[in-house]
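Below is the file query_14.tsv, which contains TSV, C-alpha atoms.
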```
chain	number	residue	atom	x	y	z
A	932	MET	CA	-10.96	16.45	10.14
A	933	SER	CA	-13.66	18.15	8.06
A	934	VAL	CA	-11.26	20.91	7.01
A	935	ILE	CA	-8.84	18.35	5.70
A	936	LYS	CA	-11.56	16.47	3.87
A	937	GLU	CA	-12.70	19.65	2.14
A	938	ARG	CA	-9.20	20.39	1.08
A	939	HIS	CA	-8.94	16.91	-0.40
A	940	GLU	CA	-12.15	17.43	-2.28
A	941	ASP	CA	-10.85	20.69	-3.66
A	942	LYS	CA	-7.74	18.89	-4.69
A	943	GLU	CA	-9.82	16.28	-6.41
A	944	ALA	CA	-11.77	18.87	-8.33
A	945	THR	CA	-8.51	20.47	-9.42
A	946	GLU	CA	-7.19	17.05	-10.40
A	947	MET	CA	-10.26	16.40	-12.46
A	948	ARG	CA	-9.96	19.73	-14.28
A	949	ARG	CA	-6.30	19.06	-14.87
A	950	PHE	CA	-7.11	15.61	-16.18
A	951	LEU	CA	-9.64	16.97	-18.65
A	952	LEU	CA	-7.15	19.54	-19.79
A	953	ILE	CA	-4.48	16.90	-20.26
A	954	LEU	CA	-6.97	14.74	-22.11
A	955	LEU	CA	-7.67	17.59	-24.51
A	956	MET	CA	-3.97	18.17	-24.96
A	957	PHE	CA	-3.34	14.52	-25.72
A	958	MET	CA	-6.00	14.58	-28.39
A	959	ALA	CA	-4.22	17.42	-30.14
A	960	VAL	CA	-0.54	16.64	-29.63
A	961	SER	CA	1.58	14.50	-31.98
A	962	PRO	CA	3.10	11.19	-30.81
A	963	ALA	CA	6.57	12.71	-30.86
A	964	ALA	CA	5.54	15.44	-28.45
A	965	ARG	CA	3.88	12.83	-26.31
A	966	ALA	CA	7.13	10.88	-26.07
A	967	GLN	CA	8.91	14.08	-25.14
A	968	GLU	CA	6.40	14.70	-22.38
A	969	ASP	CA	7.15	11.24	-21.01
A	970	ASN	CA	10.88	11.86	-21.10
A	971	LYS	CA	10.37	14.57	-18.58
A	972	VAL	CA	10.46	11.96	-15.81
A	973	SER	CA	14.11	11.65	-14.97
A	974	GLY	CA	15.41	9.09	-12.54
A	975	ARG	CA	18.25	11.21	-11.23
A	976	PHE	CA	18.75	11.43	-7.49
A	977	LEU	CA	21.31	12.05	-4.80
A	978	LEU	CA	20.14	10.45	-1.56
A	979	THR	CA	21.28	8.54	1.51
A	980	ASP	CA	20.95	4.77	1.79
A	981	MET	CA	20.08	2.79	4.92
A	982	SER	CA	23.71	2.68	6.02
A	983	GLY	CA	23.99	6.45	5.82
A	984	ARG	CA	26.02	6.40	2.60
A	985	THR	CA	25.42	8.91	-0.15
A	986	VAL	CA	24.05	7.20	-3.23
A	987	THR	CA	23.06	8.35	-6.69
A	988	ASP	CA	21.08	6.68	-9.43
A	989	GLU	CA	24.42	6.06	-11.16
A	990	MET	CA	25.21	3.43	-8.54
A	991	TYR	CA	22.39	1.26	-9.83
A	992	ARG	CA	23.68	1.38	-13.39
A	993	GLY	CA	23.14	-1.91	-15.16
A	994	LYS	CA	19.98	-2.73	-13.26
A	995	ILE	CA	16.38	-2.15	-14.12
A	996	ARG	CA	14.94	-0.09	-11.28
A	997	LEU	CA	11.58	-0.29	-9.61
A	998	VAL	CA	11.06	2.95	-7.73
A	999	THR	CA	8.30	4.10	-5.44
A	1000	PHE	CA	7.88	7.02	-3.07
A	1001	GLY	CA	6.20	6.83	0.32
A	1002	TYR	CA	6.79	7.00	4.03
A	1003	THR	CA	6.63	4.59	6.92
A	1004	PHE	CA	4.72	6.54	9.58
A	1005	CYS	CA	1.33	6.19	7.89
A	1006	PRO	CA	-1.03	7.36	10.62
A	1007	ASP	CA	-4.25	5.55	9.71
A	1008	ILE	CA	-3.87	3.20	6.79
A	1009	CYS	CA	-0.71	1.95	5.11
A	1010	PRO	CA	-0.53	1.13	1.40
A	1011	THR	CA	0.47	-2.44	0.59
A	1012	ILE	CA	2.70	-1.23	-2.25
A	1013	LEU	CA	5.93	-2.64	-0.78
A	1014	ASN	CA	4.13	-5.95	-0.42
A	1015	THR	CA	3.20	-5.73	-4.10
A	1016	LEU	CA	6.77	-4.97	-5.12
A	1017	SER	CA	8.21	-7.72	-3.01
A	1018	ALA	CA	5.68	-10.23	-4.39
A	1019	ALA	CA	6.56	-9.09	-7.91
A	1020	LEU	CA	10.27	-9.63	-7.18
A	1021	GLU	CA	9.53	-13.09	-5.88
A	1022	GLN	CA	7.77	-13.92	-9.13
A	1023	LEU	CA	10.81	-12.79	-11.08
A	1024	GLY	CA	12.84	-15.58	-9.49
A	1025	PRO	CA	16.56	-15.40	-10.34
A	1026	ASP	CA	15.88	-12.38	-12.56
A	1027	ARG	CA	15.29	-10.31	-9.47
A	1028	ALA	CA	19.07	-9.90	-9.22
A	1029	LYS	CA	18.82	-7.72	-12.33
A	1030	VAL	CA	16.42	-5.36	-10.59
A	1031	ALA	CA	17.08	-2.68	-7.96
A	1032	THR	CA	13.97	-1.87	-5.97
A	1033	LEU	CA	14.07	1.51	-4.30
A	1034	PHE	CA	11.71	3.02	-1.76
A	1035	ILE	CA	12.30	6.75	-1.49
A	1036	SER	CA	10.92	8.36	1.65
A	1037	VAL	CA	9.09	11.65	1.33
A	1038	ASP	CA	9.36	12.02	5.10
A	1039	PRO	CA	13.11	12.17	5.71
A	1040	GLU	CA	12.69	13.79	9.11
A	1041	ARG	CA	11.16	10.65	10.63
A	1042	ASP	CA	12.40	8.09	8.09
A	1043	THR	CA	16.04	8.24	9.06
A	1044	PRO	CA	18.42	5.72	7.48
A	1045	ALA	CA	18.42	3.69	10.70
A	1046	HIS	CA	14.63	3.67	10.87
A	1047	LEU	CA	14.30	2.66	7.22
A	1048	LYS	CA	16.76	-0.15	7.78
A	1049	GLU	CA	14.70	-1.52	10.64
A	1050	TYR	CA	11.43	-1.03	8.80
A	1051	LEU	CA	12.64	-2.70	5.63
A	1052	ASN	CA	13.68	-5.82	7.51
A	1053	ALA	CA	10.20	-6.85	6.46
A	1054	PHE	CA	11.15	-6.37	2.79
A	1055	PRO	CA	14.72	-7.61	2.42
A	1056	ASP	CA	14.84	-7.03	-1.35
A	1057	ILE	CA	13.89	-3.38	-1.08
A	1058	THR	CA	16.37	-0.55	-0.48
A	1059	GLY	CA	15.16	2.44	1.48
A	1060	LEU	CA	16.49	5.85	0.52
A	1061	SER	CA	16.21	9.09	2.40
A	1062	GLY	CA	18.20	12.30	2.51
A	1063	THR	CA	18.00	15.95	3.40
A	1064	PRO	CA	14.60	17.55	2.71
A	1065	GLU	CA	16.25	19.32	-0.25
A	1066	GLN	CA	17.64	16.07	-1.68
A	1067	VAL	CA	14.30	14.34	-1.35
A	1068	ALA	CA	12.53	17.30	-2.94
A	1069	ALA	CA	14.96	17.21	-5.86
A	1070	ALA	CA	14.46	13.47	-6.39
A	1071	ALA	CA	10.68	13.86	-6.26
A	1072	ARG	CA	10.88	16.73	-8.75
A	1073	ASN	CA	12.83	14.57	-11.17
A	1074	PHE	CA	10.28	11.75	-10.91
A	1075	LYS	CA	7.39	14.25	-11.13
A	1076	VAL	CA	6.18	13.05	-7.76
A	1077	ARG	CA	4.27	15.46	-5.55
A	1078	TYR	CA	4.08	15.24	-1.80
A	1079	GLU	CA	2.80	17.47	0.90
A	1080	ARG	CA	3.27	17.24	4.62
A	1081	GLN	CA	-0.03	17.70	6.40
A	1082	LYS	CA	-0.57	19.60	9.63
A	1083	PRO	CA	-0.47	17.44	12.76
A	1084	GLU	CA	-4.01	16.43	13.66
A	1085	GLY	CA	-3.46	16.22	17.39
A	1086	ASP	CA	-1.17	17.92	19.85
A	1087	ASP	CA	1.88	15.88	18.96
A	1088	PRO	CA	3.83	17.73	16.25
A	1089	LYS	CA	5.56	14.46	15.34
A	1090	VAL	CA	2.27	12.85	14.30
A	1091	TYR	CA	1.41	13.98	10.80
A	1092	ALA	CA	0.48	12.50	7.46
A	1093	VAL	CA	2.32	13.11	4.21
A	1094	ASP	CA	0.12	13.07	1.13
A	1095	HIS	CA	2.01	11.83	-1.87
A	1096	SER	CA	1.47	10.52	-5.37
A	1097	ALA	CA	1.84	6.78	-5.33
A	1098	SER	CA	3.04	5.11	-8.50
A	1099	ILE	CA	5.47	2.39	-9.36
A	1100	PHE	CA	8.18	3.69	-11.68
A	1101	ILE	CA	10.16	1.36	-13.88
A	1102	MET	CA	13.46	2.81	-15.05
A	1103	ASP	CA	15.93	1.28	-17.48
A	1104	ARG	CA	19.49	0.19	-16.77
A	1105	GLU	CA	20.71	3.76	-17.26
A	1106	GLY	CA	18.03	5.20	-15.03
A	1107	ASN	CA	15.79	6.49	-17.80
A	1108	PHE	CA	12.04	6.34	-17.50
A	1109	LEU	CA	10.34	3.28	-18.97
A	1110	ALA	CA	6.91	3.09	-17.39
A	1111	ARG	CA	4.72	4.22	-14.56
A	1112	MET	CA	2.24	1.75	-13.12
A	1113	PRO	CA	-0.62	2.47	-10.73
A	1114	HIS	CA	0.12	1.70	-7.09
A	1115	MET	CA	-2.70	-0.83	-7.02
A	1116	SER	CA	-1.21	-2.97	-9.79
A	1117	ALA	CA	-1.30	-6.70	-9.17
A	1118	PRO	CA	2.16	-8.17	-8.44
A	1119	ASP	CA	2.07	-10.45	-11.50
A	1120	ARG	CA	1.37	-7.47	-13.76
A	1121	VAL	CA	4.38	-5.65	-12.33
A	1122	ALA	CA	6.53	-8.76	-12.76
A	1123	ASP	CA	5.30	-9.23	-16.34
A	1124	ARG	CA	6.11	-5.66	-17.21
A	1125	VAL	CA	9.61	-5.91	-15.73
A	1126	ARG	CA	10.16	-9.12	-17.67
A	1127	THR	CA	9.38	-7.38	-20.94
A	1128	TYR	CA	12.21	-4.96	-20.18
A	1129	LEU	CA	14.59	-7.69	-19.09
A	1130	SER	CA	14.20	-9.75	-22.24
A	1131	PRO	CA	16.29	-8.68	-25.26
A	1132	ARG	CA	14.40	-6.14	-27.32
A	1133	LYS	CA	12.91	-7.40	-30.54
A	1134	ALA	CA	14.02	-5.62	-33.68
A	1135	GLU	CA	11.65	-2.84	-34.66
A	1136	GLU	CA	9.63	-3.74	-37.69
B	879	MET	CA	4.64	2.30	-33.81
B	880	LYS	CA	0.95	3.15	-33.52
B	881	ARG	CA	0.62	0.64	-30.73
B	882	ARG	CA	3.58	2.07	-28.91
B	883	ALA	CA	2.17	5.55	-29.13
B	884	PHE	CA	-1.10	4.26	-27.79
B	885	ILE	CA	0.61	2.60	-24.85
B	886	LEU	CA	2.52	5.78	-24.07
B	887	CYS	CA	-0.67	7.74	-24.20
B	888	ALA	CA	-2.53	5.25	-22.03
B	889	THR	CA	0.28	5.22	-19.48
B	890	ALA	CA	0.33	8.99	-19.29
B	891	LEU	CA	-3.43	9.09	-18.96
B	892	ALA	CA	-3.36	6.55	-16.17
B	893	ALA	CA	-0.75	8.66	-14.42
B	894	ALA	CA	-2.82	11.80	-14.83
B	895	LEU	CA	-5.81	9.98	-13.45
B	896	SER	CA	-4.15	8.85	-10.24
B	897	PRO	CA	-4.51	11.73	-7.82
B	898	ILE	CA	-2.27	12.31	-4.84
B	899	ALA	CA	-3.13	9.43	-2.58
B	900	ALA	CA	-3.88	10.63	0.90
B	901	ALA	CA	-1.50	8.40	2.79
B	902	GLY	CA	-3.17	5.33	1.42
B	903	ALA	CA	-4.69	3.71	-1.57
B	904	ALA	CA	-8.36	3.42	-0.64
B	905	PRO	CA	-10.64	5.72	-2.58
B	906	LYS	CA	-11.11	9.05	-0.88
B	907	GLY	CA	-13.54	8.86	1.98
B	908	GLN	CA	-13.23	5.10	2.11
B	909	ARG	CA	-12.34	4.90	5.76
B	910	GLY	CA	-14.18	3.46	8.67
B	911	LEU	CA	-17.15	1.13	8.44
B	912	VAL	CA	-18.34	0.26	4.94
B	913	ILE	CA	-21.55	-1.79	4.95
B	914	HIS	CA	-22.09	-3.55	1.64
B	915	ASP	CA	-25.43	-3.29	-0.15
B	916	ARG	CA	-25.37	-7.03	-0.62
B	917	PRO	CA	-23.09	-9.72	0.80
B	918	ARG	CA	-19.98	-10.48	-1.24
B	919	PRO	CA	-18.18	-13.77	-1.69
B	920	VAL	CA	-14.80	-13.98	0.05
B	921	ALA	CA	-11.93	-15.26	-2.08
B	922	ALA	CA	-10.36	-18.46	-0.75
B	923	ILE	CA	-7.04	-17.74	0.95
B	924	ASP	CA	-4.54	-20.37	2.05
B	925	ILE	CA	-4.28	-19.40	5.72
B	926	ARG	CA	-1.82	-21.34	7.90
B	927	ASP	CA	-1.41	-21.63	11.66
B	928	ALA	CA	1.80	-21.55	13.71
B	929	GLU	CA	2.56	-25.16	12.71
B	930	SER	CA	1.93	-24.37	9.03
B	931	ARG	CA	-1.28	-26.39	9.08
B	932	ALA	CA	-4.18	-25.25	6.95
B	933	ALA	CA	-6.41	-22.86	8.91
B	934	GLY	CA	-8.51	-21.33	6.15
B	935	LEU	CA	-11.91	-19.74	6.65
B	936	ASP	CA	-13.46	-23.01	5.41
B	937	THR	CA	-12.47	-24.53	8.75
B	938	LEU	CA	-14.77	-21.99	10.43
B	939	LYS	CA	-17.87	-22.80	8.37
B	940	GLY	CA	-21.08	-21.85	10.06
B	941	ARG	CA	-19.48	-19.20	12.29
B	942	PRO	CA	-19.39	-15.49	11.63
B	943	VAL	CA	-15.82	-14.26	11.32
B	944	LEU	CA	-14.01	-11.01	12.06
B	945	LEU	CA	-11.05	-11.18	9.69
B	946	ASN	CA	-8.39	-8.59	10.46
B	947	LEU	CA	-5.64	-8.05	7.89
B	948	TRP	CA	-2.45	-6.69	9.36
B	949	ALA	CA	1.33	-6.65	8.97
B	950	SER	CA	4.21	-6.01	11.34
B	951	TRP	CA	5.39	-3.10	9.16
B	952	CYS	CA	2.03	-1.33	9.38
B	953	MET	CA	2.08	0.76	12.53
B	954	PRO	CA	-1.67	1.44	12.79
B	955	CYS	CA	-2.23	-2.31	12.37
B	956	VAL	CA	0.14	-3.10	15.19
B	957	ALA	CA	-1.49	-0.39	17.28
B	958	GLU	CA	-4.90	-2.06	17.12
B	959	LEU	CA	-3.71	-5.60	17.85
B	960	PRO	CA	-3.92	-5.25	21.66
B	961	ALA	CA	-7.59	-4.23	21.41
B	962	LEU	CA	-8.30	-7.24	19.20
B	963	ASP	CA	-6.41	-9.43	21.64
B	964	ARG	CA	-8.56	-8.19	24.54
B	965	LEU	CA	-11.67	-8.68	22.43
B	966	LYS	CA	-11.03	-12.29	21.45
B	967	PRO	CA	-12.39	-14.13	24.53
B	968	ALA	CA	-15.63	-12.10	24.39
B	969	LEU	CA	-15.99	-12.79	20.68
B	970	ASP	CA	-15.42	-16.51	21.21
B	971	ALA	CA	-18.22	-16.43	23.78
B	972	LYS	CA	-20.47	-14.80	21.17
B	973	GLY	CA	-19.64	-17.50	18.65
B	974	VAL	CA	-17.69	-15.15	16.40
B	975	ALA	CA	-14.27	-16.31	15.21
B	976	LEU	CA	-11.54	-13.68	15.26
B	977	VAL	CA	-8.80	-14.24	12.71
B	978	ALA	CA	-5.86	-11.82	12.72
B	979	LEU	CA	-4.21	-12.63	9.42
B	980	SER	CA	-0.67	-11.39	8.97
B	981	LEU	CA	0.41	-10.40	5.47
B	982	ASP	CA	4.07	-10.37	6.46
B	983	ARG	CA	6.30	-11.94	3.89
B	984	SER	CA	8.45	-13.54	6.52
B	985	GLY	CA	5.38	-15.33	7.84
B	986	LYS	CA	5.10	-16.55	11.39
B	987	VAL	CA	8.49	-15.22	12.53
B	988	ALA	CA	7.31	-11.63	12.10
B	989	VAL	CA	4.01	-12.50	13.78
B	990	ALA	CA	5.61	-14.25	16.75
B	991	ASN	CA	8.01	-11.34	17.25
B	992	THR	CA	5.23	-8.75	17.13
B	993	PHE	CA	2.98	-10.78	19.44
B	994	ALA	CA	5.84	-11.18	21.92
B	995	ARG	CA	6.67	-7.49	21.82
B	996	LEU	CA	3.04	-6.51	22.47
B	997	GLY	CA	2.29	-9.25	24.99
B	998	ILE	CA	-0.49	-10.71	22.82
B	999	ALA	CA	-2.09	-13.54	24.79
B	1000	ASN	CA	-5.23	-14.61	22.94
B	1001	LEU	CA	-4.69	-14.12	19.22
B	1002	ASP	CA	-3.57	-17.11	17.19
B	1003	ILE	CA	-0.77	-16.94	14.65
B	1004	ARG	CA	-2.31	-16.88	11.19
B	1005	THR	CA	-0.28	-16.28	8.04
B	1006	ASP	CA	-1.03	-15.74	4.39
B	1007	GLU	CA	0.86	-18.71	2.91
B	1008	ASN	CA	0.91	-17.56	-0.71
B	1009	ARG	CA	1.02	-13.85	0.09
B	1010	VAL	CA	-1.98	-13.04	-2.03
B	1011	ALA	CA	-4.44	-11.89	0.62
B	1012	ALA	CA	-3.99	-8.15	-0.06
B	1013	GLU	CA	-4.73	-8.66	-3.73
B	1014	LYS	CA	-7.47	-11.28	-3.41
B	1015	LEU	CA	-9.30	-9.48	-0.62
B	1016	ASP	CA	-8.96	-6.11	-2.34
B	1017	ALA	CA	-6.93	-4.48	0.41
B	1018	PRO	CA	-4.70	-1.82	-1.17
B	1019	ALA	CA	-4.00	-0.49	2.33
B	1020	LEU	CA	-3.90	-1.88	5.86
B	1021	PRO	CA	-5.41	-2.42	8.33
B	1022	VAL	CA	-8.67	-3.72	6.97
B	1023	THR	CA	-11.11	-5.82	8.97
B	1024	LEU	CA	-13.73	-7.91	7.17
B	1025	LEU	CA	-17.04	-8.81	8.79
B	1026	ILE	CA	-18.04	-12.18	7.41
B	1027	ASP	CA	-21.43	-13.76	8.05
B	1028	ARG	CA	-22.07	-17.39	8.96
B	1029	GLU	CA	-22.53	-18.22	5.26
B	1030	GLY	CA	-18.97	-17.06	4.65
B	1031	ARG	CA	-19.93	-13.85	2.85
B	1032	GLU	CA	-18.42	-10.43	3.51
B	1033	ILE	CA	-21.18	-8.13	4.71
B	1034	ALA	CA	-19.05	-5.16	5.74
B	1035	ARG	CA	-15.48	-4.07	6.26
B	1036	PHE	CA	-13.75	-1.54	8.46
B	1037	ILE	CA	-10.94	0.35	6.74
B	1038	GLY	CA	-8.34	1.63	9.16
B	1039	ALA	CA	-7.80	0.88	12.83
B	1040	ALA	CA	-10.76	0.87	15.22
B	1041	GLU	CA	-11.52	0.74	18.90
B	1042	TRP	CA	-12.51	-2.91	18.70
B	1043	ASP	CA	-12.98	-3.38	22.42
B	1044	GLY	CA	-15.30	-0.42	22.96
B	1045	ALA	CA	-19.07	-0.16	23.41
B	1046	ALA	CA	-19.87	0.72	19.78
B	1047	ALA	CA	-17.85	-2.22	18.48
B	1048	ALA	CA	-19.70	-4.51	20.90
B	1049	ARG	CA	-23.03	-3.57	19.30
B	1050	LEU	CA	-21.62	-4.13	15.83
B	1051	LEU	CA	-20.20	-7.51	16.79
B	1052	ASP	CA	-23.42	-8.54	18.58
B	1053	ALA	CA	-25.26	-7.87	15.32
B	1054	LEU	CA	-22.67	-9.87	13.41
B	1055	ALA	CA	-23.06	-12.74	15.89
B	1056	ALA	CA	-26.86	-12.63	15.70
B	1057	GLY	CA	-26.94	-12.27	11.92
B	1058	SER	CA	-29.01	-9.11	12.25
B	1059	PRO	CA	-28.57	-6.10	9.93
B	1060	LEU	CA	-25.61	-3.82	10.48
B	1061	THR	CA	-26.24	-0.09	10.63
B	1062	PRO	CA	-23.83	2.84	10.28
B	1063	ASP	CA	-24.39	3.94	13.88
B	1064	MET	CA	-22.67	0.74	15.00
B	1065	ALA	CA	-19.34	1.96	13.60
B	1066	PRO	CA	-16.60	1.82	16.21
B	1067	PRO	CA	-14.54	5.02	16.52
B	1068	PRO	CA	-11.44	5.02	14.33
B	1069	VAL	CA	-8.06	4.96	16.02
B	1070	ARG	CA	-5.35	7.19	14.72
B	1071	MET	CA	-1.74	6.61	15.50
B	1072	GLY	CA	-0.25	8.41	18.42
B	1073	ALA	CA	3.45	7.91	18.99
B	1074	ALA	CA	5.07	4.83	17.45
B	1075	PRO	CA	4.08	1.72	19.41
```
Just give me the structure of the file as structure tokens.
Amino acid sequence: MSVIKERHEDKEATEMRRFLLILLMFMAVSPAARAQEDNKVSGRFLLTDMSGRTVTDEMYRGKIRLVTFGYTFCPDICPTILNTLSAALEQLGPDRAKVATLFISVDPERDTPAHLKEYLNAFPDITGLSGTPEQVAAAARNFKVRYERQKPEGDDPKVYAVDHSASIFIMDREGNFLARMPHMSAPDRVADRVRTYLSPRKAEE
Amino acid sequence: MKRRAFILCATALAAALSPIAAAGAAPKGQRGLVIHDRPRPVAAIDIRDAESRAAGLDTLKGRPVLLNLWASWCMPCVAELPALDRLKPALDAKGVALVALSLDRSGKVAVANTFARLGIANLDIRTDENRVAAEKLDAPALPVTLLIDREGREIARFIGAAEWDGAAAARLLDALAAGSPLTPDMAPPPVRMGAAP
């Protein structure tokens, strides 16, 4: 336990240094370069849906996408992010049909399509995606999501945590990056943000 | 254009700020028993019973409450329900109300199914009618159990699953019942998931 905690603290220190570095970079870099940096998040993926079919981001063409990464076998506490997304969808009312909400598992070994299907019974508007470890790694790379499988804490090799970055991604109808929101965003803020992308864009002044 | 650039920058900064979340959303180290420096008000939640009647905390005025937030999709939550179920009669005898509030979006159906599967005998069905409990009670991850005093104020919370029917928990809950100060040594041992329940 203590070993893991220390490692987390190290990670935090690294994160902090990285943040300061990024902060300095942002102060120096032009807006154009900033936009370019943002474009680096790509929504491309080739994964498996809950019925075992191969899917790509192309199949959600025409829909705004809400995307989050996670896993279902959270060993001690489970984020309420799917709750947040499903509450946000509810607030969108009929507009929710214009949104594809995707939960991409970073634990494909345990989160099989069949398991995701059963799990997501609790969130009927959310599609669970999984794949081979390589496919999941590629998707995470494109979204700039990091994840790391932890060592099992007990004797059971099947009981392990997967640390992962937890954000809500909003992608446009072509799958391009629009926004990244913190995982603790309130549902109405997520819904509001999606609405701004659903409404016709105002002419640039 | 300026504004847009600012938003882009702010978004990127926010992203850079959010570290890898260790399985959950609570700040690092925020697990187990957290005793508040001073009691906090508890946001009003529209809690309903199995017949969809109002069963909010205001109906329990004057009694300390152990408010457990859970959901059928949260395996550690489900794993600690049997201990809470065993605990309930003892808590009732102490004058402490135990409320196991489900955050499931499908409401009482999910609760009834989970209770049936686990053979829950004592817990009552309690649902979060407007599905706002996670947000209003500041629970970015589950399970979370709030210890609420007889004035209806949150004095502590336990983040994660705990051995609620053990000796340590009994001391904690005795203190809650008596309205005496809670101390860190009263923390019940955390429960980590074994195999899927």
Practice prompt. Find the residues near Val989 of chain B: any atom within 8 Å, counting only C-alpha atoms, skip ones fewer than 5 places away on the same chain, and give them as an MDAnalysis selection string.
Written response: chainID B and resid 950 980 982 1003
Worksheet item: What is the distance between atom CA of Ser1058 of chain B and atom CA of Ile1033 of chain B, in Å to one decimal?
Response: 10.9 Å
Worksheet item: Quick one: of A:Val998, A:Ile1057, A:Ala1045, A:Leu977, who's nearest to Glu1021 of chain A, counting all atoms listed in the file?
Response: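 Using all atoms listed in the file, Glu1021 of chain A sits closest to A:Ile1057.
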Fill in: Residue hits in chain A, query chain B, radius 6 Å, only C-alpha atoms, as a VMD selection string
chain A and resid 950 962 1006 to 1011 1094 to 1096
Worksheet entry | Point-to-point distance in Å for atom CA of Asn946 of chain B and atom CA of Arg1041 of chain A |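 Rounded to one decimal, the two atoms are 27.4 Å apart.
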Worksheet item: Using all atoms listed in the file, which of the listed residues (A:Lys1089, A:Arg984, A:Arg1027, A:Lys971) sits closest to Arg996 of chain A?
Response: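 Nearest to Arg996 of chain A: A:Arg1027.
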